[in-house]
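Chemist: Next up, target_11.txt (compact mmCIF, C-alpha atoms).
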# COMPACT_ATOMS: atom_id res chain seq x y z
CA MET A 1 0.00 0.00 0.00
CA ILE A 2 2.75 2.45 1.06
CA LYS A 3 4.90 1.30 -1.82
CA LYS A 4 2.16 2.04 -4.26
CA TYR A 5 1.72 5.51 -2.77
CA PHE A 6 5.48 6.14 -3.07
CA PHE A 7 5.61 5.14 -6.68
CA GLN A 8 2.65 7.34 -7.43
CA LEU A 9 4.48 10.23 -5.78
CA ILE A 10 7.66 9.62 -7.77
CA PHE A 11 5.70 9.44 -10.97
CA PHE A 12 3.91 12.64 -10.10
CA ASN A 13 7.16 14.43 -9.33
CA LEU A 14 8.82 13.27 -12.51
CA PHE A 15 5.83 14.60 -14.35
CA ILE A 16 6.34 17.98 -12.72
CA SER A 17 10.04 18.05 -13.48
CA LYS A 18 9.27 17.16 -17.08
CA GLU A 19 7.16 20.27 -17.16
CA VAL A 20 10.08 22.15 -15.60
CA PHE A 21 12.46 21.22 -18.38
CA ALA A 22 9.83 22.05 -20.92
CA ALA A 23 9.49 25.53 -19.48
CA GLU A 24 13.27 26.03 -19.40
CA SER A 25 13.45 26.00 -23.14
CA GLY A 26 11.44 29.20 -23.01
CA GLY A 27 14.72 31.12 -22.81
CA MET A 28 16.80 33.03 -20.34
CA PRO A 29 15.29 36.11 -18.72
CA GLN A 30 18.77 37.61 -18.88
CA LEU A 31 18.49 37.99 -22.64
CA ASN A 32 15.21 39.84 -22.43
CA PRO A 33 16.16 43.48 -23.09
CA GLU A 34 13.01 44.88 -21.52
CA PHE A 35 14.76 46.03 -18.31
CA TRP A 36 18.32 46.44 -19.56
CA ILE A 37 18.20 50.21 -19.53
CA SER A 38 16.69 50.16 -16.04
CA GLN A 39 19.41 47.82 -14.79
CA ILE A 40 22.17 49.94 -16.34
CA PHE A 41 20.67 53.07 -14.81
CA TRP A 42 20.30 51.63 -11.33
CA LEU A 43 23.70 49.94 -11.44
CA THR A 44 25.36 53.22 -12.37
CA LEU A 45 23.43 55.06 -9.67
CA THR A 46 23.97 52.61 -6.80
CA PHE A 47 27.55 51.75 -7.70
CA GLY A 48 28.36 55.41 -8.24
CA ILE A 49 26.96 56.39 -4.86
CA LEU A 50 28.69 53.43 -3.23
CA TYR A 51 32.01 54.41 -4.81
CA VAL A 52 31.74 58.07 -3.88
CA VAL A 53 30.72 57.43 -0.28
CA LEU A 54 33.32 54.71 0.23
CA SER A 55 36.18 56.65 -1.34
CA LYS A 56 35.37 60.04 0.17
CA LEU A 57 34.08 59.16 3.61
CA ILE A 58 34.63 55.63 4.78
CA LEU A 59 37.89 54.33 3.33
CA PRO A 60 40.00 57.34 4.43
CA LYS A 61 38.64 56.85 7.94
CA ILE A 62 39.54 53.15 7.99
CA SER A 63 42.95 53.96 6.55
CA SER A 64 43.62 56.64 9.17
CA ASN A 65 42.36 54.30 11.90
CA LEU A 66 44.80 51.65 10.76
CA GLU A 67 47.67 54.13 10.51
CA LEU A 68 46.88 55.56 13.91
CA ARG A 69 46.79 52.14 15.50
CA LYS A 70 50.00 51.16 13.76
CA SER A 71 51.83 54.26 14.94
CA GLN A 72 50.43 53.90 18.44
CA ILE A 73 51.54 50.30 18.61
CA GLN A 74 54.94 51.33 17.28
CA GLU A 75 55.19 54.03 19.91
CA ASN A 76 54.21 51.62 22.65
CA ILE A 77 56.76 49.11 21.42
CA GLU A 78 59.42 51.79 21.42
CA ALA A 79 58.47 52.90 24.92
CA ALA A 80 58.56 49.31 26.11
CA GLU A 81 61.97 48.86 24.49
CA LYS A 82 63.24 51.99 26.20
CA GLN A 83 61.94 50.87 29.57
CA ARG A 84 63.50 47.48 29.06
CA LYS A 85 66.85 49.13 28.34
CA ASP A 86 66.44 51.36 31.40
CA SER A 87 65.68 48.44 33.64
CA LYS A 88 68.64 46.58 32.19
CA SER A 89 71.03 49.41 32.97
CA LYS A 90 69.50 49.74 36.44
CA LEU A 91 70.04 46.04 36.98
CA LYS A 92 73.63 46.43 35.88
CA GLU A 93 74.14 49.31 38.29
CA TYR A 94 72.62 47.31 41.06
CA GLU A 95 74.86 44.37 40.31
CA GLU A 96 77.89 46.63 40.25
CA ILE A 97 76.93 48.09 43.60
CA ILE A 98 76.53 44.60 45.02
CA ILE A 99 79.90 43.50 43.67
CA LYS A 100 81.56 46.66 45.02
CA SER A 101 80.03 46.28 48.45
CA LYS A 102 80.97 42.63 48.49
CA SER A 103 84.60 43.45 47.82
CA GLU A 104 84.45 46.22 50.41
CA ALA A 105 83.05 43.81 52.93
CA LYS A 106 85.85 41.41 52.11
CA VAL A 107 88.45 44.11 52.64
CA ILE A 108 86.90 45.13 55.95
CA PHE A 109 86.75 41.53 57.07
CA LYS A 110 90.38 41.00 56.14
CA GLU A 111 91.51 44.14 57.91
CA THR A 112 89.68 43.35 61.10
CA ARG A 113 90.97 39.83 61.06
CA GLU A 114 94.54 41.00 60.67
CA LYS A 115 94.05 43.57 63.40
CA THR A 116 92.63 41.07 65.81
CA ILE A 117 95.34 38.58 64.97
CA LYS A 118 97.91 41.30 65.61
CA ASP A 119 96.23 42.17 68.89
CA ILE A 120 96.12 38.59 69.96
CA ASN A 121 99.75 38.12 69.01
CA SER A 122 100.95 41.17 70.93
CA LYS A 123 98.99 40.18 74.00
CA ARG A 124 100.32 36.70 73.74
CA GLU A 125 103.85 38.02 73.50
CA VAL A 126 103.38 40.09 76.62
CA LEU A 127 101.93 37.14 78.44
CA GLU A 128 104.69 34.86 77.20
CA LYS A 129 107.27 37.35 78.39
CA GLN A 130 105.70 37.46 81.82
CA ILE A 131 105.48 33.70 81.92
CA ASP A 132 109.10 33.41 80.84
CA GLU A 133 110.19 35.82 83.53
CA GLU A 134 108.29 33.92 86.17
CA ILE A 135 109.72 30.66 84.91
CA ASN A 136 113.22 32.15 84.97
CA LYS A 137 112.71 33.40 88.49
CA ALA A 138 111.47 30.05 89.64
CA GLU A 139 114.35 28.31 87.91
CA LYS A 140 116.83 30.64 89.58
CA GLU A 141 115.34 29.92 92.95
CA ILE A 142 115.41 26.23 92.28
CA ASN A 143 119.00 26.47 91.15
CA GLU A 144 119.95 28.38 94.25
CA LEU A 145 118.22 25.82 96.35
CA LYS A 146 119.92 23.11 94.42
CA LYS A 147 123.29 24.72 94.94
CA ALA A 148 122.69 25.13 98.62
CA ALA A 149 121.30 21.65 99.14
CA PRO A 150 124.54 19.53 99.02
CA GLU A 151 126.29 21.79 101.53
CA LYS A 152 123.44 21.45 103.97
CA ILE A 153 123.19 17.77 103.39
CA ASN A 154 126.91 17.47 104.01
CA GLN A 155 126.58 19.47 107.21
CA ILE A 156 123.71 17.26 108.34
CA ALA A 157 125.65 14.20 107.36
CA ILE A 158 128.70 15.38 109.33
CA GLU A 159 126.68 16.25 112.38
CA THR A 160 124.66 13.05 112.36
CA SER A 161 127.68 10.91 111.71
CA SER A 162 129.61 12.57 114.60
CA GLU A 163 126.66 12.09 116.87
CA ILE A 164 126.33 8.44 115.82
CA LEU A 165 130.02 7.91 116.32
CA LYS A 166 129.87 9.57 119.73
CA ASN A 167 127.07 7.33 120.81
CA LEU A 168 128.74 4.24 119.41
CA MET A 169 132.25 4.85 120.62
CA GLY A 170 131.58 7.17 123.52
CA ALA A 171 134.36 9.41 122.50
CA GLU A 172 134.44 12.64 120.73
CA ILE A 173 135.85 12.67 117.30
CA ASN A 174 137.23 15.61 115.53
CA ASN A 175 134.64 17.14 113.26
CA SER A 176 137.10 18.09 110.63
CA SER A 177 138.15 14.52 109.90
CA ILE A 178 134.53 13.48 109.49
CA SER A 179 133.79 16.37 107.19
CA ALA A 180 136.77 15.39 105.06
CA ILE A 181 135.38 11.90 104.65
CA VAL A 182 131.89 13.20 103.89
CA LYS A 183 133.26 15.63 101.36
CA ASP A 184 135.19 12.86 99.79
CA LEU A 185 132.09 10.63 99.59
CA SER A 186 129.81 13.35 98.43
CA LYS A 187 132.27 14.26 95.69
CA LYS A 188 132.35 10.62 94.64
CA ASN A 189 128.58 10.20 94.66
CA ARG A 190 127.60 13.66 93.59
CA ASP A 191 126.49 12.47 90.20
CA LYS A 192 124.55 9.60 91.69
CA PHE A 193 122.40 11.68 94.04
CA TYR A 194 122.05 15.03 92.38
CA GLY A 195 122.24 14.03 88.88
CA ASN A 196 122.04 17.25 87.05
CA MET B 1 6.44 29.01 -6.03
CA ALA B 2 7.46 28.65 -9.59
CA ALA B 3 8.89 25.34 -10.64
CA ASN B 4 10.88 26.75 -13.54
CA PRO B 5 14.53 27.17 -12.43
CA MET B 6 14.87 30.21 -14.68
CA THR B 7 12.02 32.20 -13.18
CA GLN B 8 14.32 33.25 -10.31
CA PHE B 9 16.20 35.38 -12.82
CA GLU B 10 13.14 37.25 -14.01
CA VAL B 11 13.16 40.98 -13.56
CA TYR B 12 9.89 42.62 -12.67
CA ARG B 13 8.85 46.12 -11.91
CA ILE B 14 8.36 47.20 -8.30
CA GLY B 15 6.16 50.24 -8.02
CA PRO B 16 5.23 52.59 -10.84
CA GLU B 17 6.75 52.76 -14.26
CA ILE B 18 9.36 55.51 -14.52
CA LYS B 19 10.37 56.77 -17.92
CA ILE B 20 12.99 59.24 -19.04
CA GLY B 21 12.27 59.98 -22.69
CA SER B 22 11.73 56.62 -24.25
CA PHE B 23 13.91 54.81 -21.69
CA ASP B 24 12.26 52.71 -19.04
CA ILE B 25 14.17 53.12 -15.78
CA SER B 26 11.56 51.66 -13.47
CA PHE B 27 12.57 50.41 -10.06
CA THR B 28 12.79 46.62 -10.34
CA ASN B 29 13.74 43.75 -8.07
CA ALA B 30 17.24 43.96 -9.58
CA SER B 31 17.42 47.63 -8.57
CA LEU B 32 16.15 46.70 -5.12
CA PHE B 33 18.99 44.27 -4.53
CA MET B 34 21.57 46.68 -5.90
CA VAL B 35 20.32 49.25 -3.39
CA VAL B 36 20.20 46.65 -0.60
CA SER B 37 23.76 45.47 -1.30
CA SER B 38 25.13 49.00 -1.48
CA LEU B 39 23.32 50.00 1.69
CA ALA B 40 24.57 46.91 3.50
CA ILE B 41 28.15 47.68 2.46
CA LEU B 42 27.82 51.31 3.50
CA ILE B 43 26.23 50.46 6.85
CA ILE B 44 28.77 47.76 7.72
CA PHE B 45 31.79 49.83 6.74
CA ASN B 46 30.41 52.97 8.31
CA LEU B 47 29.94 51.12 11.60
CA GLY B 48 33.38 49.57 11.18
CA SER B 49 35.10 52.92 10.74
CA LYS B 50 33.14 54.98 13.23
CA LYS B 51 35.28 54.55 16.31
CA ASN B 52 38.89 53.63 16.51
CA SER B 53 39.61 51.55 19.57
CA MET B 54 42.96 49.93 20.27
CA LEU B 55 41.20 46.57 20.46
CA PRO B 56 38.76 46.54 17.53
CA ASP B 57 35.33 45.04 18.03
CA LYS B 58 33.93 42.54 15.54
CA ILE B 59 32.54 44.97 12.99
CA GLN B 60 35.62 47.17 13.07
CA LEU B 61 37.80 44.11 12.66
CA LEU B 62 35.67 43.03 9.70
CA ALA B 63 36.03 46.41 8.02
CA GLU B 64 39.76 46.58 8.66
CA LEU B 65 40.41 43.01 7.58
CA SER B 66 38.52 43.65 4.32
CA TYR B 67 40.51 46.82 3.82
CA THR B 68 43.86 45.12 4.32
CA PHE B 69 42.74 42.11 2.25
CA VAL B 70 41.87 44.24 -0.78
CA SER B 71 44.84 46.53 -0.34
CA LYS B 72 47.19 43.54 -0.19
CA MET B 73 45.53 42.02 -3.26
CA ILE B 74 46.07 45.25 -5.20
CA SER B 75 49.65 45.80 -4.11
CA ASP B 76 50.49 42.16 -4.87
CA THR B 77 49.10 42.20 -8.40
CA ALA B 78 49.35 45.80 -9.58
CA GLY B 79 52.10 47.26 -7.42
CA SER B 80 52.20 50.57 -5.58
CA LYS B 81 51.17 52.61 -8.65
CA ALA B 82 47.64 51.24 -8.34
CA LYS B 83 47.00 53.02 -5.05
CA PRO B 84 44.75 55.76 -6.53
CA TYR B 85 42.43 53.03 -7.85
CA PHE B 86 42.13 51.31 -4.49
CA ALA B 87 38.73 52.82 -3.67
CA PHE B 88 37.31 51.73 -7.02
CA ILE B 89 38.55 48.16 -6.76
CA PHE B 90 37.43 47.97 -3.14
CA SER B 91 33.92 49.16 -4.09
CA LEU B 92 33.86 46.79 -7.03
CA PHE B 93 34.91 43.78 -4.97
CA MET B 94 32.48 44.58 -2.18
CA PHE B 95 29.60 45.28 -4.57
CA VAL B 96 30.05 42.04 -6.48
CA LEU B 97 30.61 40.07 -3.27
CA PHE B 98 27.54 41.46 -1.55
CA CYS B 99 25.36 40.99 -4.64
CA ASN B 100 26.55 37.39 -4.90
CA MET B 101 26.03 36.76 -1.20
CA PHE B 102 22.57 38.35 -1.10
CA GLY B 103 21.70 36.09 -4.00
CA MET B 104 22.46 33.10 -1.78
CA ILE B 105 19.54 33.94 0.50
CA PRO B 106 16.45 32.00 -0.65
CA TYR B 107 13.82 33.96 -2.62
CA THR B 108 16.22 36.81 -3.30
CA PHE B 109 17.39 38.08 -6.65
CA THR B 110 21.00 37.73 -7.77
CA VAL B 111 22.03 40.98 -9.45
CA THR B 112 25.26 39.53 -10.82
CA SER B 113 23.45 36.69 -12.58
CA HIS B 114 22.46 39.16 -15.29
CA ILE B 115 24.81 39.55 -18.21
CA ILE B 116 23.90 43.19 -18.68
CA VAL B 117 25.05 44.10 -15.15
CA THR B 118 28.34 42.23 -15.31
CA PHE B 119 28.94 43.43 -18.85
CA ILE B 120 28.46 47.08 -17.89
CA LEU B 121 30.93 46.64 -15.01
CA ALA B 122 33.44 44.83 -17.23
CA ALA B 123 33.05 47.34 -20.06
CA PHE B 124 33.58 50.21 -17.67
CA ILE B 125 36.74 48.52 -16.36
CA PHE B 126 37.94 47.79 -19.91
CA ILE B 127 37.40 51.35 -21.13
CA GLY B 128 38.85 52.82 -17.95
CA VAL B 129 41.96 50.64 -18.09
CA THR B 130 42.49 51.45 -21.77
CA ILE B 131 42.19 55.19 -21.09
CA ILE B 132 44.61 54.91 -18.15
CA GLY B 133 47.05 52.99 -20.33
CA PHE B 134 46.99 55.60 -23.10
CA ILE B 135 47.30 58.46 -20.61
CA LYS B 136 50.27 56.87 -18.87
CA HIS B 137 52.16 55.64 -21.91
CA GLY B 138 50.70 57.50 -24.89
CA PHE B 139 50.88 55.46 -28.05
CA GLY B 140 53.55 53.39 -26.33
CA TYR B 141 50.66 51.51 -24.77
CA LEU B 142 50.24 49.76 -28.11
CA LYS B 143 53.49 47.93 -27.28
CA LEU B 144 51.25 45.78 -25.09
CA PHE B 145 50.31 43.93 -28.29
CA VAL B 146 53.92 43.30 -29.27
CA PRO B 147 55.52 40.88 -26.83
CA SER B 148 59.30 41.04 -26.70
CA GLY B 149 61.43 38.10 -27.77
CA VAL B 150 59.05 36.89 -30.47
CA PRO B 151 60.51 35.95 -33.90
CA ILE B 152 59.61 38.51 -36.58
CA VAL B 153 57.97 35.83 -38.72
CA LEU B 154 55.44 35.11 -35.99
CA LEU B 155 54.92 38.74 -35.05
CA PRO B 156 51.86 39.52 -37.24
CA LEU B 157 50.07 36.46 -35.93
CA ILE B 158 51.00 37.20 -32.31
CA VAL B 159 49.85 40.81 -32.59
CA VAL B 160 46.50 39.72 -33.98
CA ILE B 161 46.09 37.19 -31.18
CA GLU B 162 47.07 39.77 -28.57
CA ILE B 163 44.58 42.31 -29.93
CA ILE B 164 41.79 39.74 -29.96
CA SER B 165 42.61 38.62 -26.42
CA TYR B 166 42.68 42.23 -25.29
CA LEU B 167 39.35 43.02 -26.89
CA SER B 168 37.76 39.88 -25.49
CA ARG B 169 38.66 40.90 -21.94
CA PRO B 170 35.34 42.56 -21.09
CA ILE B 171 33.42 39.64 -22.56
CA SER B 172 35.38 37.00 -20.68
CA LEU B 173 35.26 39.03 -17.48
CA SER B 174 31.51 39.58 -17.62
CA VAL B 175 30.54 36.16 -18.91
CA ARG B 176 32.65 34.42 -16.25
CA LEU B 177 30.77 36.06 -13.40
CA PHE B 178 27.35 35.92 -15.02
CA ALA B 179 27.64 32.28 -16.11
CA ASN B 180 28.95 31.15 -12.75
CA MET B 181 26.16 32.81 -10.85
CA MET B 182 23.43 31.74 -13.25
CA ALA B 183 24.63 28.15 -13.50
CA GLY B 184 25.05 27.85 -9.76
CA HIS B 185 21.61 29.18 -8.96
CA THR B 186 19.95 27.11 -11.66
CA MET B 187 21.67 24.00 -10.40
CA MET B 188 20.62 24.70 -6.82
CA LYS B 189 17.07 25.21 -7.94
CA VAL B 190 17.00 21.98 -9.96
CA PHE B 191 18.55 19.90 -7.20
CA GLY B 192 16.32 21.57 -4.65
CA GLY B 193 13.32 20.50 -6.72
CA PHE B 194 14.56 16.90 -6.61
CA VAL B 195 14.91 16.75 -2.83
CA ILE B 196 11.35 15.45 -2.27
CA SER B 197 10.97 13.18 -5.26
CA LEU B 198 14.40 11.56 -4.95
CA GLY B 199 14.23 11.67 -1.15
CA ILE B 200 11.61 8.91 -1.27
CA VAL B 201 14.21 6.62 -2.81
CA GLY B 202 17.46 8.07 -1.48
CA GLY B 203 16.41 9.22 1.98
CA TRP B 204 18.39 12.19 3.26
CA LEU B 205 20.98 11.95 0.51
CA PRO B 206 19.43 14.46 -1.97
CA LEU B 207 18.83 16.98 0.81
CA SER B 208 22.38 16.69 2.11
CA PHE B 209 23.63 17.00 -1.45
CA SER B 210 21.58 20.16 -1.80
CA VAL B 211 23.07 21.52 1.43
CA ALA B 212 26.58 20.72 0.20
CA LEU B 213 25.78 22.43 -3.08
CA THR B 214 24.69 25.53 -1.18
CA GLY B 215 28.04 25.56 0.61
CA LEU B 216 29.82 25.23 -2.70
CA GLU B 217 27.78 28.08 -4.15
CA ILE B 218 28.70 30.35 -1.24
CA LEU B 219 32.33 29.53 -1.97
CA VAL B 220 31.76 30.30 -5.65
CA ALA B 221 30.06 33.57 -4.74
CA PHE B 222 33.13 34.68 -2.83
CA LEU B 223 35.57 33.27 -5.36
CA GLN B 224 33.93 34.95 -8.34
CA ALA B 225 33.95 38.31 -6.61
CA TYR B 226 37.63 37.76 -5.83
CA VAL B 227 38.41 36.68 -9.39
CA PHE B 228 36.53 39.68 -10.78
CA ALA B 229 38.51 42.05 -8.58
CA ILE B 230 41.86 40.38 -9.15
CA LEU B 231 41.41 40.33 -12.92
CA THR B 232 40.64 44.03 -12.75
CA CYS B 233 43.90 44.44 -10.83
CA ILE B 234 45.79 42.46 -13.48
CA TYR B 235 44.35 44.59 -16.30
CA LEU B 236 45.22 47.68 -14.33
CA ASN B 237 48.72 46.32 -13.86
CA ASP B 238 49.09 45.97 -17.63
CA ALA B 239 48.06 49.59 -18.06
CA LEU B 240 50.23 50.96 -15.25
CA ASN B 241 53.38 48.89 -15.63
CA LEU B 242 53.98 48.15 -19.28
CA HIS B 243 56.08 44.99 -19.20
CA HIS B 244 56.15 43.91 -22.81
Any chance you could give the structure as structure tokens?

Modeler:
Amino acid sequence: MIKKYFFQLIFFNLFISKEVFAAESGGMPQLNPEFWISQIFWLTLTFGILYVVLSKLILPKISSNLELRKSQIQENIEAAEKQRKDSKSKLKEYEEIIIKSKSEAKVIFKETREKTIKDINSKREVLEKQIDEEINKAEKEINELKKAAPEKINQIAIETSSEILKNLMGAEINNSSISAIVKDLSKKNRDKFYGN
Amino acid sequence: MAANPMTQFEVYRIGPEIKIGSFDISFTNASLFMVVSSLAILIIFNLGSKKNSMLPDKIQLLAELSYTFVSKMISDTAGSKAKPYFAFIFSLFMFVLFCNMFGMIPYTFTVTSHIIVTFILAAFIFIGVTIIGFIKHGFGYLKLFVPSGVPIVLLPLIVVIEIISYLSRPISLSVRLFANMMAGHTMMKVFGGFVISLGIVGGWLPLSFSVALTGLEILVAFLQAYVFAILTCIYLNDALNLHH
């Protein structure tokens, strides 16, 4: 049923298009000179007005707009370039200042270090001198004591030995003979007992 | 709606009959679309040039892009000497483009599908270019017909061919635009008429074909306007810079 309807429709349409092609052979409206003069007239009028208005009013405006924008952009680019250069030189200055101050700081650090080292050294020298003096003094005293010590020991030895002999033998012995013996012994053993 | 694909090209009177002497200059549908196209161009470009902001809005961008497009086209083909003719070529390009594009709207009339319109434009260009050529080069402009480096034996033949090709310029220029527009619109009409009848068999295929054809015709509308303008530039180039 639907198929039949479709085929009827196709047939109908083909019939119409057949009519279409039949009508086409009637010719082109373009070749009908009835309105040629009218078309020429209106074309000249509209195109003429269009040309005059565009060339006198609108196109110069667009052109100047474009030029203006171009120059403005150029100016802005130049200004930006200038600022970039400025900031670059400023950066350079800043870096130079930093380098300078760094070297200055180094110099100051060096100087103070040397100064303090000098200070420390001088103080140490003074202290060392004092210490040396004290040591010398002490050594002198010790030496004196050392020098005096054998004599005293000899004296003690003579006295004790005469006392011992007195107690042992009950008789007094001449001190000088004992001291001779002690001196003799102490001379012999000096190195042994006071080995310096 | 008329089924004949040629009825869309019919010119009919709108309003009263106007006559100057024996000439009928009545306002027709063709005149209407000439006026509409010109008005559309003027409105768009007037809006596009009204204010100059650093960041152009859409309509300003459109106007400026068209300006630079046409100016680049002219400087590329005809050099810097063609600058005084910029406004004419710009108007010509825009007029043809807008007429073509308005013709793409259904139920409108395509001004450029009439041989008389395109022929008047082409004849004006031809006469204008010839006058410019003779003003710039005097009778030296006739050297255009004598190409250099051609053997003397062949010269008479070449000159005849050159003269014929030169004289056929307005015909080729006008017929190219007219035939393209007429053929395109006729074809769209015919295929549009087949959408229903063939759609029963082919489904959506005829309709999609018709849509694709419309896209192609829009491309042709732009391309023919471009070709018309660029050929004008080339003819102008011949007149301004005599290369032969």

Chemist: Give the answer as one residue: which of A:Ser162, A:Gly48, A:Gln74, A:Lys61 has the shortest atom-to-atom distance to chain B, using all atoms listed in the file?

Modeler: A:Lys61

Chemist: By how many Å are atom CA of Asp76 of chain B and atom CA of Leu61 of chain B apart?

Modeler: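 That distance, rounded to one decimal, is 21.7 Å.
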
Chemist: Counting only C-alpha atoms, what are the residues of chain B within 8 Å of chain A, and for each of them which pair of atoms is the nearest and at what distance in Å, to one decimal? Sort the table by chain and rising number, as a Markdown table.

Modeler:
| residue | atom | partner | partner_atom | distance |
| --- | --- | --- | --- | --- |
| B:Ala3 | CA | A:Val20 | CA | 6.0 |
| B:Asn4 | CA | A:Val20 | CA | 5.1 |
| B:Pro5 | CA | A:Glu24 | CA | 7.2 |
| B:Met6 | CA | A:Glu24 | CA | 6.5 |
| B:Thr7 | CA | A:Pro29 | CA | 7.5 |
| B:Phe9 | CA | A:Pro29 | CA | 6.0 |
| B:Glu10 | CA | A:Pro29 | CA | 5.3 |
| B:Val11 | CA | A:Phe35 | CA | 7.1 |
| B:Phe23 | CA | A:Ile37 | CA | 6.7 |
| B:Asp24 | CA | A:Ser38 | CA | 5.9 |
| B:Ile25 | CA | A:Ser38 | CA | 3.9 |
| B:Ser26 | CA | A:Ser38 | CA | 5.9 |
| B:Phe27 | CA | A:Ser38 | CA | 7.3 |
| B:Thr28 | CA | A:Ser38 | CA | 7.8 |
| B:Ala30 | CA | A:Gln39 | CA | 6.8 |
| B:Ser31 | CA | A:Trp42 | CA | 5.6 |
| B:Met34 | CA | A:Thr46 | CA | 6.5 |
| B:Val35 | CA | A:Thr46 | CA | 6.0 |
| B:Ser38 | CA | A:Leu50 | CA | 5.9 |
| B:Leu42 | CA | A:Leu50 | CA | 7.1 |
| B:Phe45 | CA | A:Ile58 | CA | 6.7 |
| B:Asn46 | CA | A:Ile58 | CA | 6.1 |
| B:Gly48 | CA | A:Ile62 | CA | 7.8 |
| B:Ser49 | CA | A:Ile62 | CA | 5.2 |
| B:Lys50 | CA | A:Lys61 | CA | 7.9 |
| B:Asn52 | CA | A:Asn65 | CA | 5.8 |
| B:Met54 | CA | A:Arg69 | CA | 6.5 |
| B:Ala63 | CA | A:Ile62 | CA | 7.6 |
| B:Glu64 | CA | A:Ile62 | CA | 6.6 |
| B:Tyr67 | CA | A:Ile62 | CA | 7.6 |
| B:Ala87 | CA | A:Ser55 | CA | 5.2 |
| B:Phe88 | CA | A:Tyr51 | CA | 6.3 |
| B:Ser91 | CA | A:Tyr51 | CA | 5.6 |
| B:Phe95 | CA | A:Phe47 | CA | 7.5 |
| B:Ser113 | CA | A:Gln30 | CA | 7.9 |
| B:His114 | CA | A:Gln30 | CA | 5.4 |
| B:Ile115 | CA | A:Gln30 | CA | 6.4 |
| B:Ile116 | CA | A:Trp36 | CA | 6.5 |
| B:Val117 | CA | A:Ile40 | CA | 6.6 |
| B:Ile120 | CA | A:Ile40 | CA | 7.1 |
| B:Gly193 | CA | A:Ser17 | CA | 7.9 |
| B:Ser197 | CA | A:Ile10 | CA | 5.5 |
| B:Leu198 | CA | A:Ile10 | CA | 7.6 |
| B:Ile200 | CA | A:Phe6 | CA | 7.0 |

Chemist: How far is it from atom CA of Ala40 of chain B to atom CA of Glu17 of chain B, in Å with one decimal?

Modeler: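 Result for atom CA of Ala40 of chain B versus atom CA of Glu17 of chain B: 25.8 Å, one decimal.
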
Chemist: Give me the residues near Arg169 of chain B as a PDB file with C-alpha atoms, in the frame of the given file, where near means some atom within 8 Å (using all atoms listed in the file) and where sequence neighbours in that chain fewer than 4 positions away do not count.

Modeler:
ATOM      1  CA  PHE B 126      37.940  47.790 -19.910  1.00  0.00           C
ATOM      2  CA  SER B 165      42.610  38.620 -26.420  1.00  0.00           C
ATOM      3  CA  LEU B 173      35.260  39.030 -17.480  1.00  0.00           C
TER       4      LEU B 173
END

Chemist: Tell me which of B:Ile125, B:Ile132, B:Met101, B:Ile171 sits closest to Thr214 of chain B, counting all atoms listed in the file.

Modeler: B:Met101

Chemist: Compare B:Phe109, B:Phe222, B:Phe119, B:Phe209 by their minimum atom-to-atom distance to His185 of chain B, counting all atoms listed in the file, and give me the closest one.

Modeler: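 Of all the options, B:Phe109 lies closest to His185 of chain B.
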
Chemist: Would you list the residues near (129.2, 12.2, 114.9), meaning any protein, DNA or RNA residue with an atom at most 12 Å from that point in file coordinates, counting all atoms listed in the file, as a ChimeraX atom specification?

Modeler: /A:155-179,181-182

Chemist: Restricting the calculation to all atoms listed in the file: of B:Leu142, B:Leu205, B:Val129, B:Ala221, which residue gets closest to Phe98 of chain B?

Modeler: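 Among the listed residues, the smallest separation from Phe98 of chain B belongs to B:Ala221.
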
Chemist: Residues proximal to (50.1, 55.7, -19.2) were defined as those with any atom within 10 Å of that point in the file's coordinates, counting all atoms listed in the file. Which are they, as a PyMOL selection string?

Modeler: chain B and resi 129-141+238-242

Chemist: Please report the interatomic distance between atom CA of Pro56 of chain B and atom CA of Pro84 of chain B in Å with one decimal.

Modeler: 26.5 Å
